[in-house]
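**Q** Pasting work10.cif here (mmCIF, C-alpha atoms):
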```cif
data_entry
loop_
_atom_site.label_atom_id
_atom_site.label_comp_id
_atom_site.auth_asym_id
_atom_site.auth_seq_id
_atom_site.Cartn_x
_atom_site.Cartn_y
_atom_site.Cartn_z
CA MET Q 1 -0.33 -12.21 -44.12
CA VAL Q 2 -1.57 -15.10 -46.24
CA VAL Q 3 -2.23 -15.04 -49.96
CA SER Q 4 -5.91 -14.37 -50.60
CA GLU Q 5 -8.24 -14.15 -53.58
CA ASN Q 6 -7.61 -10.85 -55.37
CA LYS Q 7 -7.24 -9.21 -58.77
CA VAL Q 8 -3.90 -10.90 -59.43
CA LEU Q 9 -5.41 -14.34 -58.92
CA SER Q 10 -8.32 -13.42 -61.17
CA ALA Q 11 -5.84 -12.38 -63.86
CA ALA Q 12 -4.01 -15.70 -63.50
CA ARG Q 13 -7.28 -17.60 -63.93
CA LYS Q 14 -8.07 -15.56 -67.04
CA CYS Q 15 -4.63 -16.38 -68.46
CA LEU Q 16 -5.30 -20.09 -68.01
CA GLU Q 17 -8.78 -19.74 -69.51
CA LYS Q 18 -7.54 -17.80 -72.56
CA ASN Q 19 -4.12 -19.48 -72.83
CA ILE Q 20 -2.10 -16.31 -72.25
CA PRO Q 21 1.55 -16.68 -71.12
CA PHE Q 22 1.91 -15.59 -67.49
CA ALA Q 23 3.81 -16.07 -64.26
CA LEU Q 24 2.53 -15.69 -60.70
CA TYR Q 25 5.28 -15.76 -58.06
CA LEU Q 26 6.40 -14.86 -54.54
CA PHE Q 27 9.92 -14.52 -53.21
CA PRO Q 28 10.97 -16.42 -50.05
CA ASP Q 29 9.47 -15.09 -46.82
CA GLU Q 30 7.50 -12.41 -48.67
CA ASP Q 31 3.72 -12.17 -49.06
CA ASN Q 32 3.64 -9.73 -51.99
CA MET Q 33 2.38 -11.65 -55.02
CA HIS Q 34 3.92 -10.65 -58.36
CA PHE Q 35 2.27 -11.05 -61.76
CA CYS Q 36 3.84 -11.02 -65.22
CA SER Q 37 2.01 -11.58 -68.52
CA SER Q 38 2.44 -11.03 -72.25
CA SER Q 39 0.84 -12.07 -75.54
CA LYS Q 40 3.85 -14.26 -76.37
CA THR Q 41 7.16 -15.43 -74.99
CA ILE Q 42 10.62 -14.60 -76.34
CA LYS Q 43 13.83 -16.64 -76.62
CA VAL Q 44 16.95 -14.81 -75.42
CA SER Q 45 20.48 -15.65 -74.32
CA ILE Q 46 21.25 -16.13 -70.63
CA ARG Q 47 23.50 -13.05 -70.69
CA ASP Q 48 20.77 -10.86 -72.21
CA PHE Q 49 18.29 -11.93 -69.56
CA PHE Q 50 20.66 -11.13 -66.70
CA GLU Q 51 22.06 -7.91 -68.14
CA LYS Q 52 19.51 -6.41 -70.55
CA SER Q 53 15.98 -7.52 -69.68
CA VAL Q 54 13.52 -5.09 -68.07
CA SER Q 55 12.56 -5.33 -64.43
CA GLY Q 56 9.78 -7.83 -63.82
CA THR Q 57 10.80 -10.21 -66.61
CA PHE Q 58 10.29 -13.89 -65.74
CA ALA Q 59 12.66 -16.51 -67.21
CA ILE Q 60 12.21 -20.26 -67.68
CA ALA Q 61 15.17 -22.57 -68.30
CA PRO Q 62 14.63 -26.35 -68.71
CA PHE Q 63 16.64 -29.13 -67.07
CA VAL Q 64 18.59 -29.90 -70.23
CA PRO Q 65 21.02 -26.98 -70.72
CA SER Q 66 20.44 -24.68 -73.69
CA ASP Q 67 22.06 -21.54 -75.12
CA THR Q 68 18.72 -19.74 -75.00
CA ILE Q 69 15.96 -19.46 -72.44
CA GLU Q 70 12.29 -18.47 -72.63
CA ILE Q 71 11.14 -15.22 -71.04
CA ILE Q 72 7.79 -13.60 -70.27
CA THR Q 73 8.03 -9.81 -70.32
CA PRO Q 74 5.75 -7.76 -68.02
CA ASP Q 75 3.53 -6.29 -70.74
CA PHE Q 76 0.02 -6.84 -69.35
CA GLU Q 77 -1.37 -5.46 -66.10
CA PRO Q 78 -3.98 -7.61 -64.26
CA ASP Q 79 -6.85 -5.26 -65.24
CA TYR Q 80 -5.96 -5.56 -68.90
CA VAL Q 81 -5.79 -9.37 -68.72
CA ILE Q 82 -9.13 -9.64 -66.94
CA ALA Q 83 -10.77 -7.71 -69.78
CA ILE Q 84 -9.38 -9.95 -72.56
CA ASP Q 85 -11.96 -12.01 -74.43
CA GLU Q 86 -10.07 -13.70 -77.27
CA VAL Q 87 -8.04 -16.90 -76.98
CA LEU Q 88 -4.41 -16.16 -77.83
CA GLU Q 89 -2.84 -19.61 -77.99
CA THR Q 90 -3.56 -23.33 -78.19
CA LYS Q 91 -5.12 -25.04 -75.18
CA PRO Q 92 -2.72 -27.27 -73.16
CA GLY Q 93 -3.04 -30.94 -74.10
CA THR Q 94 -4.90 -33.64 -72.22
CA GLU Q 95 -2.12 -36.23 -72.32
CA LEU Q 96 -2.02 -38.39 -69.21
CA PRO Q 97 1.34 -38.80 -67.39
CA VAL Q 98 2.58 -42.23 -66.29
CA GLU Q 99 3.48 -42.68 -62.62
CA THR Q 100 6.85 -44.19 -61.66
CA THR Q 101 6.45 -47.57 -59.94
CA PHE Q 102 8.63 -48.70 -57.05
CA GLU Q 103 9.57 -51.79 -59.06
CA ASP Q 104 11.00 -49.67 -61.89
CA TYR Q 105 12.66 -47.23 -59.47
CA SER Q 106 14.22 -50.08 -57.50
CA LEU Q 107 15.55 -51.85 -60.58
CA THR Q 108 17.04 -48.65 -61.94
CA GLY Q 109 18.32 -47.48 -58.57
CA ASN Q 110 20.23 -50.69 -57.86
CA GLU Q 111 21.91 -50.53 -61.27
CA ILE Q 112 22.94 -46.94 -60.59
CA ILE Q 113 24.32 -47.85 -57.15
CA GLU Q 114 26.47 -50.58 -58.70
CA GLN Q 115 27.73 -48.06 -61.26
CA LEU Q 116 28.59 -45.58 -58.50
CA LYS Q 117 30.44 -48.26 -56.53
CA ARG Q 118 32.65 -48.80 -59.58
CA GLU Q 119 33.04 -45.19 -60.71
CA GLY Q 120 32.18 -42.96 -57.74
CA GLY Q 121 30.17 -39.74 -57.96
CA LYS Q 122 26.47 -39.06 -57.52
CA VAL Q 123 23.32 -39.40 -59.63
CA VAL Q 124 19.90 -37.92 -58.83
CA LEU Q 125 17.15 -40.32 -59.87
CA SER Q 126 13.72 -38.73 -60.06
CA ARG Q 127 10.25 -40.21 -59.91
CA VAL Q 128 6.85 -39.01 -61.09
CA ILE Q 129 3.79 -39.09 -58.83
CA VAL Q 130 0.43 -38.54 -60.54
CA GLU Q 131 -2.44 -36.97 -58.60
CA LYS Q 132 -5.71 -35.28 -59.55
CA GLY Q 133 -6.71 -31.91 -58.18
CA ILE Q 134 -8.81 -28.81 -58.66
CA ASP Q 135 -7.84 -25.73 -60.67
CA PRO Q 136 -4.17 -24.68 -60.53
CA VAL Q 137 -4.75 -21.20 -59.10
CA SER Q 138 -6.66 -22.55 -56.07
CA ILE Q 139 -4.00 -25.21 -55.49
CA ALA Q 140 -1.28 -22.57 -55.87
CA VAL Q 141 -2.77 -20.40 -53.11
CA ASP Q 142 -2.73 -23.31 -50.66
CA TYR Q 143 0.73 -24.46 -51.76
CA PHE Q 144 2.19 -20.96 -51.54
CA ASN Q 145 0.82 -20.55 -48.02
CA ALA Q 146 2.16 -23.95 -46.93
CA LEU Q 147 5.80 -23.20 -47.83
CA PRO Q 148 6.41 -19.48 -47.16
CA SER Q 149 10.23 -19.75 -47.05
CA THR Q 150 10.45 -20.91 -50.67
CA PHE Q 151 10.31 -19.22 -54.07
CA ARG Q 152 6.77 -20.05 -55.18
CA SER Q 153 5.51 -19.89 -58.74
CA LEU Q 154 2.70 -20.79 -61.11
CA PHE Q 155 3.34 -20.17 -64.79
CA TYR Q 156 2.11 -21.07 -68.25
CA THR Q 157 3.59 -20.81 -71.74
CA PRO Q 158 2.44 -22.58 -74.90
CA GLU Q 159 5.80 -24.35 -75.17
CA ARG Q 160 6.15 -25.46 -71.52
CA GLY Q 161 2.53 -25.86 -70.42
CA ILE Q 162 1.34 -25.18 -66.86
CA TRP Q 163 3.82 -25.53 -63.98
CA LEU Q 164 3.49 -25.09 -60.22
CA GLY Q 165 6.40 -25.13 -57.76
CA ALA Q 166 7.82 -24.06 -54.40
CA THR Q 167 11.60 -24.35 -54.40
CA PRO Q 168 13.98 -23.97 -51.45
CA GLU Q 169 17.08 -23.68 -53.63
CA LEU Q 170 18.60 -20.40 -54.79
CA LEU Q 171 20.65 -20.88 -57.94
CA VAL Q 172 22.07 -17.37 -57.86
CA SER Q 173 21.26 -13.82 -56.79
CA TYR Q 174 23.29 -11.53 -59.06
CA SER Q 175 23.85 -7.79 -58.66
CA LEU Q 176 24.82 -6.11 -61.93
CA GLU Q 177 25.71 -2.89 -60.09
CA ASN Q 178 28.08 -4.53 -57.57
CA ASN Q 179 29.15 -7.33 -59.93
CA SER Q 180 28.64 -9.83 -57.12
CA LEU Q 181 26.57 -12.92 -56.49
CA THR Q 182 25.20 -15.19 -53.79
CA THR Q 183 24.35 -18.86 -54.24
CA MET Q 184 23.82 -21.86 -51.98
CA SER Q 185 24.93 -25.44 -51.65
CA LEU Q 186 21.75 -27.32 -50.70
CA ALA Q 187 22.01 -31.10 -50.58
CA GLY Q 188 21.55 -33.90 -48.11
CA THR Q 189 18.01 -34.64 -46.94
CA ARG Q 190 16.39 -36.30 -43.94
CA PRO Q 191 12.99 -36.20 -42.18
CA LEU Q 192 12.42 -33.57 -39.52
CA GLY Q 193 12.89 -34.51 -35.88
CA ILE Q 194 16.19 -36.42 -36.03
CA SER Q 195 18.50 -35.25 -33.24
CA GLU Q 196 21.58 -37.27 -34.16
CA ASN Q 197 24.43 -35.93 -36.28
CA TRP Q 198 24.02 -36.12 -40.04
CA ASP Q 199 25.21 -39.44 -41.49
CA SER Q 200 28.22 -39.78 -43.79
CA LYS Q 201 26.08 -40.45 -46.89
CA ASN Q 202 24.29 -37.09 -46.61
CA ILE Q 203 27.49 -35.20 -45.74
CA GLN Q 204 29.22 -36.74 -48.75
CA GLU Q 205 26.27 -35.85 -50.97
CA HIS Q 206 26.36 -32.25 -49.71
CA ASN Q 207 30.12 -31.92 -50.15
CA PHE Q 208 29.78 -32.99 -53.79
CA VAL Q 209 27.59 -29.93 -54.37
CA THR Q 210 29.80 -27.47 -52.49
CA ASP Q 211 32.95 -28.64 -54.30
CA PHE Q 212 31.14 -28.41 -57.64
CA ILE Q 213 29.97 -24.83 -57.03
CA LYS Q 214 33.43 -23.66 -55.93
CA LYS Q 215 34.92 -25.28 -59.04
CA VAL Q 216 32.48 -23.39 -61.28
CA LEU Q 217 32.91 -20.04 -59.51
CA SER Q 218 36.68 -19.95 -59.07
CA PRO Q 219 37.65 -19.30 -62.74
CA ASN Q 220 34.88 -16.70 -63.16
CA CYS Q 221 34.89 -14.84 -59.81
CA GLU Q 222 37.07 -13.31 -57.13
CA ASN Q 223 36.96 -13.82 -53.36
CA VAL Q 224 34.73 -16.89 -53.18
CA LYS Q 225 33.54 -17.31 -49.56
CA VAL Q 226 31.66 -20.28 -48.06
CA SER Q 227 29.61 -19.99 -44.86
CA ASP Q 228 29.55 -22.47 -42.01
CA LEU Q 229 27.43 -25.57 -42.58
CA PHE Q 230 23.90 -25.49 -41.16
CA SER Q 231 20.58 -27.30 -41.61
CA ILE Q 232 17.48 -25.70 -43.05
CA LYS Q 233 13.87 -26.91 -42.80
CA TYR Q 234 11.38 -27.16 -45.68
CA GLY Q 235 8.03 -28.88 -45.22
CA LEU Q 236 8.56 -32.28 -43.61
CA VAL Q 237 12.30 -32.51 -44.37
CA GLU Q 238 15.52 -30.67 -43.64
CA HIS Q 239 18.62 -30.15 -45.79
CA LEU Q 240 22.29 -29.37 -45.25
CA CYS Q 241 23.12 -25.89 -46.52
CA GLU Q 242 26.04 -23.50 -47.04
CA ILE Q 243 25.77 -19.94 -48.39
CA ILE Q 244 28.43 -19.06 -50.99
CA GLN Q 245 29.29 -15.49 -52.01
CA ALA Q 246 31.64 -14.07 -54.65
CA ASN Q 247 32.43 -10.83 -56.46
CA GLY Q 248 34.41 -9.73 -59.51
CA ILE Q 249 32.18 -11.70 -61.90
CA SER Q 250 33.78 -12.07 -65.33
CA ASP Q 251 30.87 -13.73 -67.16
CA ILE Q 252 27.51 -14.41 -65.48
CA SER Q 253 26.30 -16.56 -68.39
CA GLU Q 254 29.29 -18.88 -68.01
CA ILE Q 255 28.52 -19.25 -64.31
CA ILE Q 256 24.83 -20.03 -64.89
CA SER Q 257 25.67 -22.54 -67.62
CA GLY Q 258 28.26 -24.08 -65.33
CA LEU Q 259 25.96 -24.28 -62.30
CA SER Q 260 22.80 -25.64 -63.94
CA PRO Q 261 21.82 -28.39 -63.67
CA THR Q 262 23.34 -28.55 -60.20
CA PRO Q 263 24.61 -31.74 -58.53
CA ALA Q 264 21.62 -31.46 -56.17
CA VAL Q 265 19.21 -32.20 -59.05
CA CYS Q 266 21.52 -33.96 -61.50
CA GLY Q 267 24.65 -35.40 -59.94
CA THR Q 268 28.39 -35.30 -60.44
CA PRO Q 269 30.43 -35.56 -62.61
CA ARG Q 270 27.67 -33.76 -64.49
CA ASN Q 271 28.18 -35.25 -67.95
CA VAL Q 272 28.17 -38.78 -66.52
CA ALA Q 273 25.11 -38.03 -64.39
CA LEU Q 274 23.23 -36.56 -67.36
CA GLU Q 275 24.03 -39.63 -69.45
CA THR Q 276 22.85 -41.91 -66.64
CA ILE Q 277 19.60 -39.96 -66.20
CA ASN Q 278 18.95 -40.03 -69.94
CA LYS Q 279 19.59 -43.78 -69.98
CA TYR Q 280 17.43 -44.78 -67.00
CA GLU Q 281 14.60 -42.27 -66.56
CA SER Q 282 11.58 -43.09 -68.72
CA HIS Q 283 10.02 -39.63 -68.25
CA SER Q 284 11.19 -36.25 -69.50
CA ARG Q 285 12.12 -33.80 -66.76
CA GLU Q 286 11.26 -30.77 -68.90
CA CYS Q 287 11.31 -27.82 -66.44
CA TYR Q 288 11.93 -29.93 -63.32
CA GLY Q 289 15.50 -29.33 -62.18
CA GLY Q 290 15.95 -26.37 -64.51
CA TRP Q 291 15.74 -22.82 -63.19
CA LEU Q 292 13.33 -19.89 -62.97
CA GLY Q 293 14.56 -16.32 -62.90
CA VAL Q 294 13.18 -12.86 -62.15
CA LYS Q 295 14.77 -9.53 -63.06
CA CYS Q 296 14.39 -7.18 -60.08
CA GLY Q 297 15.84 -3.83 -61.14
CA ILE Q 298 19.65 -4.13 -61.05
CA GLU Q 299 19.41 -7.49 -59.28
CA THR Q 300 18.46 -10.81 -60.84
CA LYS Q 301 17.36 -13.83 -58.82
CA ALA Q 302 17.27 -17.40 -60.18
CA PHE Q 303 15.97 -20.48 -58.37
CA VAL Q 304 16.29 -24.18 -59.13
CA ASN Q 305 12.83 -25.47 -60.10
CA LEU Q 306 12.08 -28.07 -57.40
CA ARG Q 307 9.01 -29.36 -55.49
CA CYS Q 308 7.16 -28.82 -58.74
CA ALA Q 309 4.47 -30.31 -60.96
CA LYS Q 310 3.47 -30.04 -64.59
CA ILE Q 311 -0.30 -29.68 -64.81
CA PHE Q 312 -2.53 -31.18 -67.48
CA CYS Q 313 -6.19 -30.64 -68.28
CA GLY Q 314 -8.12 -33.79 -67.38
CA GLU Q 315 -10.71 -35.58 -69.45
CA LYS Q 316 -13.57 -34.11 -67.39
CA ASN Q 317 -14.42 -30.43 -67.36
CA GLY Q 318 -12.69 -28.70 -64.44
CA GLU Q 319 -10.42 -31.68 -63.72
CA TYR Q 320 -6.64 -31.27 -63.65
CA ILE Q 321 -3.90 -33.89 -63.43
CA TYR Q 322 -0.71 -33.01 -61.59
CA ASN Q 323 2.53 -34.64 -62.71
CA VAL Q 324 4.57 -34.20 -59.48
CA TYR Q 325 8.36 -34.54 -59.73
CA ALA Q 326 10.72 -35.49 -56.90
CA GLY Q 327 14.15 -37.06 -56.72
CA GLY Q 328 16.72 -38.71 -54.48
CA GLY Q 329 20.48 -38.31 -54.59
CA PHE Q 330 22.17 -41.69 -55.17
CA THR Q 331 25.72 -42.40 -54.07
CA ALA Q 332 27.51 -45.71 -53.61
CA LYS Q 333 26.12 -45.78 -50.03
CA SER Q 334 22.47 -45.31 -51.03
CA ILE Q 335 19.59 -47.66 -50.17
CA VAL Q 336 16.90 -47.60 -52.86
CA LYS Q 337 13.92 -47.72 -50.50
CA GLU Q 338 15.27 -44.76 -48.52
CA GLU Q 339 15.75 -42.70 -51.70
CA TRP Q 340 12.22 -43.59 -52.83
CA GLU Q 341 10.80 -42.50 -49.48
CA GLU Q 342 12.92 -39.33 -49.48
CA ALA Q 343 11.49 -38.33 -52.85
CA GLY Q 344 8.00 -38.98 -51.52
CA GLN Q 345 8.66 -36.80 -48.47
CA LYS Q 346 9.77 -33.93 -50.73
CA ALA Q 347 6.50 -34.16 -52.66
CA SER Q 348 4.32 -34.75 -49.58
CA THR Q 349 3.18 -31.16 -49.01
CA LEU Q 350 1.84 -30.73 -52.54
CA LEU Q 351 0.33 -34.23 -52.61
CA LYS Q 352 -1.53 -33.60 -49.35
CA ILE Q 353 -2.97 -30.36 -50.72
CA LEU Q 354 -4.07 -32.10 -53.93
CA LYS Q 355 -5.73 -34.98 -52.10
CA THR Q 356 -7.50 -32.61 -49.72
CA SER Q 357 -8.77 -30.55 -52.65
CA ARG Q 358 -10.37 -33.65 -54.19
CA ILE Q 359 -11.98 -34.65 -50.90
CA ASP Q 360 -13.34 -31.13 -50.36
CA GLY Q 361 -14.54 -30.97 -53.96
#
```
How does this structure look as structure tokens?
**A**
Amino acid sequence: MVVSENKVLSAARKCLEKNIPFALYLFPDEDNMHFCSSSKTIKVSIRDFFEKSVSGTFAIAPFVPSDTIEIITPDFEPDYVIAIDEVLETKPGTELPVETTFEDYSLTGNEIIEQLKREGGKVVLSRVIVEKGIDPVSIAVDYFNALPSTFRSLFYTPERGIWLGATPELLVSYSLENNSLTTMSLAGTRPLGISENWDSKNIQEHNFVTDFIKKVLSPNCENVKVSDLFSIKYGLVEHLCEIIQANGISDISEIISGLSPTPAVCGTPRNVALETINKYESHSRECYGGWLGVKCGIETKAFVNLRCAKIFCGEKNGEYIYNVYAGGGFTAKSIVKEEWEEAGQKASTLLKILKTSRIDG
């Protein structure tokens, strides 16, 4: 079943029109669209979100770690939102993003490679691709349908603006009742259709992530188990993946703070990677590479915010500008052009939908 126009989508459009905080989302391999909306957002601790928030609460955590996160509580039903007339918040700005050029990416990437040759580790360098498109709800429907195995979301808050994403990466699925969790090591990327074994650069990049996750979990969990390595397909690329499970959780907030940002979106050692990103990237990542969470009864699911775009209102009425984020994992063995192309491949599904929407419009 594909996502179709319905009352939930109408409510999302009304939220964008009246600037009401909301989240529209689907879990991987599910076609049931969820809607969450409230008159305002709330700042809470990570622990309170995971252990005390009501079912249906949607959480937004930025790339740069923080002690508090922003949540949207499920206060408004779609019918109520559709009937709202007043504007509740300030309209999102019309600032125009600046696209990353290959020249800048290449210059920065080569400097990072030289640093990694001296010091080792990994750094994820991201780029911004700017594309125009039609309204976010229409784009979201097409994007959600294109990547059904991902966690798909469209949300707006006055602080964060409008964001659209479809992420393949589970940060953690946490059961409060069983005091257990599941996460994944997802790193290493190549185009679909390659039959040869994975190369050493991608295996090394993936192992960085697995080792990092085990290091974070071990002091805070019992019985950490790692699955066999396998590849998983998303859009036009595939990734190396391992499923990691643990129980006996001592402090879920410590685990989340330790895991995010992950080496798959930041690098390792994390402090060095964060310093390198802050030094070289001219754009702010904001919510890209952070995480999005949903409270589902006694279970809480959180996903790394990837394959995403921040959306701005354009200068013309009905025009929107999509600030699409994508990154490549640099190691000492990286080739800048390949990382640039890899980032482009990750963004290709959304970019194709945006370009098609402009042609059709």
**Q** Smallest atom-to-atom distance to Gly289 of chain Q: which of Q:Pro28, Q:Gly188, Q:Pro148, Q:Pro65, using all atoms listed in the file?
**A**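 Of Q:Pro28, Q:Gly188, Q:Pro148, Q:Pro65, the one nearest Gly289 of chain Q is Q:Pro65, counting all atoms listed in the file.
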**Q** List the neighbours of segment 198-200 of chain Q out to 9 Å using only C-alpha atoms; skip same-chain residues closer than 6 positions along the sequence, and give me the result as a count of residues only.
**A** 4
**Q** Please determine, counting only C-alpha atoms, which residue among Q:Val265, Q:Leu274, Q:Ile244, Q:Ala326 has the shortest atom-to-atom distance to Glu339 of chain Q.
**A**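 Going through Q:Val265, Q:Leu274, Q:Ile244, Q:Ala326 one by one, the smallest distance to Glu339 of chain Q is for Q:Ala326.
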**Q** Which of these, Q:Asn317, Q:Ser106, Q:Thr300, Q:Ser284, has the shortest distance to Gly56 of chain Q once you count only C-alpha atoms?
**A** Q:Thr300
**Q** Given the PyMOL selection byres ((chain Q and resi 209) around 12) and the file above, list the residues it selects as number ranges by chain.
**A** Q: 121-124, 171, 183-188, 202-208, 210-216, 240-244, 259-270, 329
**Q** How would the residues just picked look written out with C-alpha atoms as a compact mmCIF listing (two decimals), in the frame of the given file?
**A**
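That gives us part_3.txt:
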```
# COMPACT_ATOMS: atom_id res chain seq x y z
CA GLY Q 121 30.17 -39.74 -57.96
CA LYS Q 122 26.47 -39.06 -57.52
CA VAL Q 123 23.32 -39.40 -59.63
CA VAL Q 124 19.90 -37.92 -58.83
CA LEU Q 171 20.65 -20.88 -57.94
CA THR Q 183 24.35 -18.86 -54.24
CA MET Q 184 23.82 -21.86 -51.98
CA SER Q 185 24.93 -25.44 -51.65
CA LEU Q 186 21.75 -27.32 -50.70
CA ALA Q 187 22.01 -31.10 -50.58
CA GLY Q 188 21.55 -33.90 -48.11
CA ASN Q 202 24.29 -37.09 -46.61
CA ILE Q 203 27.49 -35.20 -45.74
CA GLN Q 204 29.22 -36.74 -48.75
CA GLU Q 205 26.27 -35.85 -50.97
CA HIS Q 206 26.36 -32.25 -49.71
CA ASN Q 207 30.12 -31.92 -50.15
CA PHE Q 208 29.78 -32.99 -53.79
CA THR Q 210 29.80 -27.47 -52.49
CA ASP Q 211 32.95 -28.64 -54.30
CA PHE Q 212 31.14 -28.41 -57.64
CA ILE Q 213 29.97 -24.83 -57.03
CA LYS Q 214 33.43 -23.66 -55.93
CA LYS Q 215 34.92 -25.28 -59.04
CA VAL Q 216 32.48 -23.39 -61.28
CA LEU Q 240 22.29 -29.37 -45.25
CA CYS Q 241 23.12 -25.89 -46.52
CA GLU Q 242 26.04 -23.50 -47.04
CA ILE Q 243 25.77 -19.94 -48.39
CA ILE Q 244 28.43 -19.06 -50.99
CA LEU Q 259 25.96 -24.28 -62.30
CA SER Q 260 22.80 -25.64 -63.94
CA PRO Q 261 21.82 -28.39 -63.67
CA THR Q 262 23.34 -28.55 -60.20
CA PRO Q 263 24.61 -31.74 -58.53
CA ALA Q 264 21.62 -31.46 -56.17
CA VAL Q 265 19.21 -32.20 -59.05
CA CYS Q 266 21.52 -33.96 -61.50
CA GLY Q 267 24.65 -35.40 -59.94
CA THR Q 268 28.39 -35.30 -60.44
CA PRO Q 269 30.43 -35.56 -62.61
CA ARG Q 270 27.67 -33.76 -64.49
CA GLY Q 329 20.48 -38.31 -54.59
```
**Q** On this file, the PyMOL selection byres ((chain Q and resi 74) around 8) gives some set of residues; write that set as a PDB file with C-alpha atoms, in the coordinates of the input.
**A**
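Once everything was written out, this is selection.pdb:
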```pdb
ATOM      1  CA  PHE Q  35       2.270 -11.050 -61.760  1.00  0.00           C
ATOM      2  CA  CYS Q  36       3.840 -11.020 -65.220  1.00  0.00           C
ATOM      3  CA  SER Q  37       2.010 -11.580 -68.520  1.00  0.00           C
ATOM      4  CA  SER Q  38       2.440 -11.030 -72.250  1.00  0.00           C
ATOM      5  CA  GLY Q  56       9.780  -7.830 -63.820  1.00  0.00           C
ATOM      6  CA  THR Q  57      10.800 -10.210 -66.610  1.00  0.00           C
ATOM      7  CA  PHE Q  58      10.290 -13.890 -65.740  1.00  0.00           C
ATOM      8  CA  ILE Q  72       7.790 -13.600 -70.270  1.00  0.00           C
ATOM      9  CA  THR Q  73       8.030  -9.810 -70.320  1.00  0.00           C
ATOM     10  CA  ASP Q  75       3.530  -6.290 -70.740  1.00  0.00           C
ATOM     11  CA  PHE Q  76       0.020  -6.840 -69.350  1.00  0.00           C
ATOM     12  CA  GLU Q  77      -1.370  -5.460 -66.100  1.00  0.00           C
TER      13      GLU Q  77
END
```
**Q** So what do you get for atom CA of Lys201 of chain Q versus atom CA of Ser334 of chain Q, distance-wise?
**A**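 Separation between atom CA of Lys201 of chain Q and atom CA of Ser334 of chain Q: 7.3 Å.
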**Q** Residues at most 10 Å from Cys15 of chain Q, counting all atoms listed in the file, excluding those fewer than 2 positions away in the same chain, as a short mmCIF file (atom, residue, chain, number, x, y, z; two decimals) with C-alpha atoms, keeping the file's coordinate frame?
**A**
```cif
data_model
loop_
_atom_site.label_atom_id
_atom_site.label_comp_id
_atom_site.auth_asym_id
_atom_site.auth_seq_id
_atom_site.Cartn_x
_atom_site.Cartn_y
_atom_site.Cartn_z
CA LEU Q 9 -5.41 -14.34 -58.92
CA SER Q 10 -8.32 -13.42 -61.17
CA ALA Q 11 -5.84 -12.38 -63.86
CA ALA Q 12 -4.01 -15.70 -63.50
CA ARG Q 13 -7.28 -17.60 -63.93
CA GLU Q 17 -8.78 -19.74 -69.51
CA LYS Q 18 -7.54 -17.80 -72.56
CA ASN Q 19 -4.12 -19.48 -72.83
CA ILE Q 20 -2.10 -16.31 -72.25
CA PRO Q 21 1.55 -16.68 -71.12
CA PHE Q 22 1.91 -15.59 -67.49
CA ALA Q 23 3.81 -16.07 -64.26
CA SER Q 37 2.01 -11.58 -68.52
CA SER Q 38 2.44 -11.03 -72.25
CA SER Q 39 0.84 -12.07 -75.54
CA PRO Q 78 -3.98 -7.61 -64.26
CA VAL Q 81 -5.79 -9.37 -68.72
CA ILE Q 82 -9.13 -9.64 -66.94
CA ILE Q 84 -9.38 -9.95 -72.56
CA VAL Q 87 -8.04 -16.90 -76.98
CA LEU Q 88 -4.41 -16.16 -77.83
CA PHE Q 155 3.34 -20.17 -64.79
CA TYR Q 156 2.11 -21.07 -68.25
CA THR Q 157 3.59 -20.81 -71.74
#
```
